[in-house]
Each structure stands twice: as structure tokens, then as C-alpha cells.
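First the structure, in the form of C-alpha cells, and then the observations on it.
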Amino acid sequence: MVLIDRLINEFDRGLQAILGITRATRPVPTFDTNPADMLLSLQEKRHVIGLMRVNHVGEVCAQALYQAQKLATKDILLRDAFAHAQLEEEDHLAWTAERLSTLGSHPSLLNPLWYTGAFIIGFCVGKIGDKTSLSFMAETEWQVENHLNNHLESLPLHDYESRAIVNQMRLDEAAHAQAALDSGGVELSWPIRKAMSVCAKMMTTIAYYI
Ligand SMILES: [Fe+2]
Ligand SMILES: [Fe+2]
């Protein structure tokens with residue numbers, strides 16, 4: 001595909017990510033439970049909405065990062081690897097959007113901002129080199145996995161619907177991190193990891209509410 005076609009294609013996918021109209025290729029994960037057991041109090045519902053909005057923002061950023069990293073690399077195999085991970089991230093995006101809608105809420109109003117910021121970071125990192133790009137991917141996925149583990153501890157125990165989604169996402173993110181390592185990524189230095197985690201903390205704190 002020539003560059004201009006790729007740019008148009010990625011622009012279209014980015015727009016879909018921001019607008020929350022992506023479609024999943026896998027069905028929404030579920031646990032086999034009685035719906036009556038899953039009723040949430042108002043307070044619990046508010047908390048779940050906040051957490052699922054944060055997860056949705058994370059997936060918007062994942063789209064932006066993978067798109068930018070795909071555009072930045074000249075390695076066709078690496079581009080395919082990023083595309084594969086991006087497809088699974090699209091599932092996450094659709095699942096979290098659907099859960100938010102079921103709960104009667106909406107994705108973050110700041111999604112265009114999150115998307116743009118992540119795209120710029122992903123492209124700059126990608127242009128430094130493929131090894132840096134893969135290392136950044138591995139660290140990002142580890143941090144997301146860690147953050148999803150925290151969500152599993154924070155979600156109400158009887159919110160099986162959210163838990164099933166977050167659990168599958170967690171497994172996918174761990175596989176993405178491993179794929180990045182297998183392709184040549186290495187652990188980043190402590191200051192970079194710390195800076196990434198401070199940025200992520202700022203983003204998740206705001207996205208919980210807006
Ligand atoms: Fe994801
Ligand atoms: Fe991922």
C-alpha cells in the first residue's frame with residue numbers, strides 16, 4: 001500500500017477510535033452468571049463507569065500509538081506485528097465502549113486530545129528506531145497490564161460483565177508485551193519508565209471523571 005493510502009486508512013481508523021465507532025472482531029467476553037446477581041448500587045455504578053472510561057481512553061491511546069508506530073517504521077514485518085496488536089486493541093476499544101453505553105455513560109470528552117498526544121509520542125518514539133519503539137511498546141503494555149490488575153481488585157466482585165472484559169484485556173496486553181520483547185524490545189531505563197507512569201497517572205485521573 002502506498003504511503004498516501006496508508007495515511008488515509010490510518011486517519012479513518014483514528015477518527016473511528018476517537019468517535020467510538022470501532023467494531024470488535026471477537027465477541028464481548030462474558031462469564032456465565034445470573035443477571036440478578038450483577039445489580040450494581042448507584043455508587044458502584046459510578047465507580048465502574050469511571051474505571052471503564054479510563055480503560056476506554058487507554059485503548060484510544062493504544063490505537064494512536066500503534067498507528068503512529070506503524071507509520072514510523074520501515075520494517076514490513078514489524079508493521080504487521082503492530083497491526084496484529086492494533087486489531088486486538090480495537091476489540092478492547094469496542095468492548096469498553098459497549099460497556100460504558102450499557103451503563104448509560106459515554107467515553108471521555110477529551111478523547112481527541114488523548115489520541116493526538118499519544119500519536120505524537122508514538123511517532124517520535126518510532127522515528128528514534130525500531131528497538132526503541134518495541135521497548136516502548138513492551139513497557140506500555142506492562143503498565144497497562146498492571147493497571148488492569150488494579151482494576152480487577154477495585155471493581156465490584158459481582159460486576160461480572162466488566163470483570164470478564166478487563167480480564168481478557170489483561171491477558172491480551174501481556175501477550176502484546178511478550179510479542180514486543182520477542183521482536184527485539186528491551187526493558188527501558190528507570191527514568192523513562194517513571195516518566196511514562198507519571199503521564200499515565202495524570203491521564204487516568206482525569207479520564208475517570210471527564
Ligand atoms: Fe488494550
Ligand atoms: Fe495491548
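Each chain in the C-alpha cells gets a letter, A, B and so on, in the order shown; residues start at 1 in every chain, and ligands are counted from 1 in the order they appear.
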Proximity check chain A to ligand 1, 8 Å, nearest pairs one decimal Å, only C-alpha atoms and all ligand atoms, as a tab-separated table:
```
residue	atom	partner	partner_atom_place_in_ligand_line	distance
A:Gly58	CA	ligand 1	1 (Fe)	7.0
A:Glu59	CA	ligand 1	1 (Fe)	5.2
A:Ala62	CA	ligand 1	1 (Fe)	6.5
A:Glu88	CA	ligand 1	1 (Fe)	6.9
A:Glu89	CA	ligand 1	1 (Fe)	4.3
A:Glu90	CA	ligand 1	1 (Fe)	7.6
A:Asp91	CA	ligand 1	1 (Fe)	7.9
A:His92	CA	ligand 1	1 (Fe)	5.2
A:Leu93	CA	ligand 1	1 (Fe)	7.2
A:Val144	CA	ligand 1	1 (Fe)	7.7
A:Met169	CA	ligand 1	1 (Fe)	5.7
A:Arg170	CA	ligand 1	1 (Fe)	7.7
A:Asp172	CA	ligand 1	1 (Fe)	7.0
A:Glu173	CA	ligand 1	1 (Fe)	5.9
```
| Spatial neighbours of A:Ile4, 12 Å, only C-alpha atoms, chain gap at least 6 places, as a ChimeraX atom specification | /A:10-11,71
| field | Surrounding residues of A:Lys201 excluding itself and chain neighbours under 6 positions, 10 Å, only C-alpha atoms, as a list in words | value | His147, Ala195 and Ala207 of chain A
| message | Given only C-alpha atoms and all ligand atoms as the basis, pick out the residue of A:Ala17, A:Cys124, A:Met203, A:Ala81 nearest to ligand 2. | response |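 Among A:Ala17, A:Cys124, A:Met203, A:Ala81, it is A:Ala81 that comes nearest to ligand 2.
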| Top pick for closest residue to ligand 2, considering A:Leu51, A:Ala200, A:Val60, A:Leu113 and counting only C-alpha atoms and all ligand atoms |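 Between A:Leu51, A:Ala200, A:Val60, A:Leu113, the residue approaching ligand 2 most closely is A:Val60.
Shortest separation to A:Leu40 among A:Leu157, A:Val125, A:Met137, A:Cys199 occurs at residue A:Leu157, atoms counted being only C-alpha atoms.
Comparing the minimum interatomic distances between ligand 2 and each of A:Phe119, A:Tyr160, A:Tyr208, A:Tyr66, counting only C-alpha atoms and all ligand atoms, we find that A:Tyr66 sits nearest.
Excluding A:Glu139 and any residue on its chain fewer than 5 positions from it, the residues at most 12 Å away by only C-alpha atoms are A:Thr132, A:Ser133, A:Leu134, A:Val144, A:Glu145, A:Asn146, A:Glu173, A:Ala174, A:His176, A:Ala177, A:Gln178, A:Ala179, A:Ala180, A:Leu181, A:Gly185, A:Val186, A:Glu187, A:Leu188, A:Ser189, A:Trp190, A:Ile192, A:Arg193, A:Lys194, A:Ala195, A:Met196, A:Ser197, A:Ala200.
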| message | Need the shell around A:Ala164: protein/DNA/RNA residues with any atom at most 8 Å away, counting only C-alpha atoms. Skip same-chain ones fewer than 5 positions apart. Format as a PyMOL selection string? | response | chain A and resi 29-31
How would the residues just picked look written out with N, CA, C and O atoms as a CSV table (one decimal), in the first residue's frame?
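Generated file (again-v2.csv):
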```csv
chain,number,residue,atom,x,y,z
A,29,PRO,N,-16.2,-10.6,25.9
A,29,PRO,CA,-16.1,-11.7,26.9
A,29,PRO,C,-17.1,-11.7,28.0
A,29,PRO,O,-17.5,-10.6,28.4
A,30,THR,N,-17.6,-12.9,28.4
A,30,THR,CA,-18.6,-12.9,29.4
A,30,THR,C,-18.3,-14.1,30.4
A,30,THR,O,-17.6,-15.0,30.0
A,31,PHE,N,-18.8,-14.0,31.6
A,31,PHE,CA,-18.8,-15.1,32.5
A,31,PHE,C,-20.3,-15.6,32.6
A,31,PHE,O,-21.2,-14.7,32.5
```
| Using only C-alpha atoms, which of the listed residues (A:Leu19, A:Met202, A:Leu65, A:Val2) sits closest to A:Gln86? |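 Once distances to A:Gln86 are computed over only C-alpha atoms, the minimum belongs to A:Leu65.
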| task | Fewer than 3 positions away in the same chain doesn't count, so skip those; otherwise give me all residues within 12 Å of A:Leu39, counting only C-alpha atoms, as a list in words. | result | Thr33, Asn34, Pro35, Ala36, Leu42, Gln43, Glu44, Lys45, Leu103, Pro156, Leu157, His158, Asp159, Tyr160 and Glu161 of chain A
| query | With only C-alpha atoms and all ligand atoms as the atoms that count, which of A:Asn55, A:Ser108, A:Asn150, A:Ser101 lies nearest to ligand 2? | reply |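 Result for the nearest residue to ligand 2: A:Asn55.
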| task | Might you pull out every residue within 9 Å of A:Trp95, with only C-alpha atoms counted and same-chain residues fewer than 6 positions away left off, and present them as a ChimeraX atom specification? | result | /A:23-24,27-29,56,165
| DSSP on the backbone: what in chain A comes out helix (DSSP H, G or I), as a VMD selection string? | chain A and resid 3 to 19 35 to 38 42 to 72 76 to 102 111 to 128 130 to 154 160 to 182 190 to 209
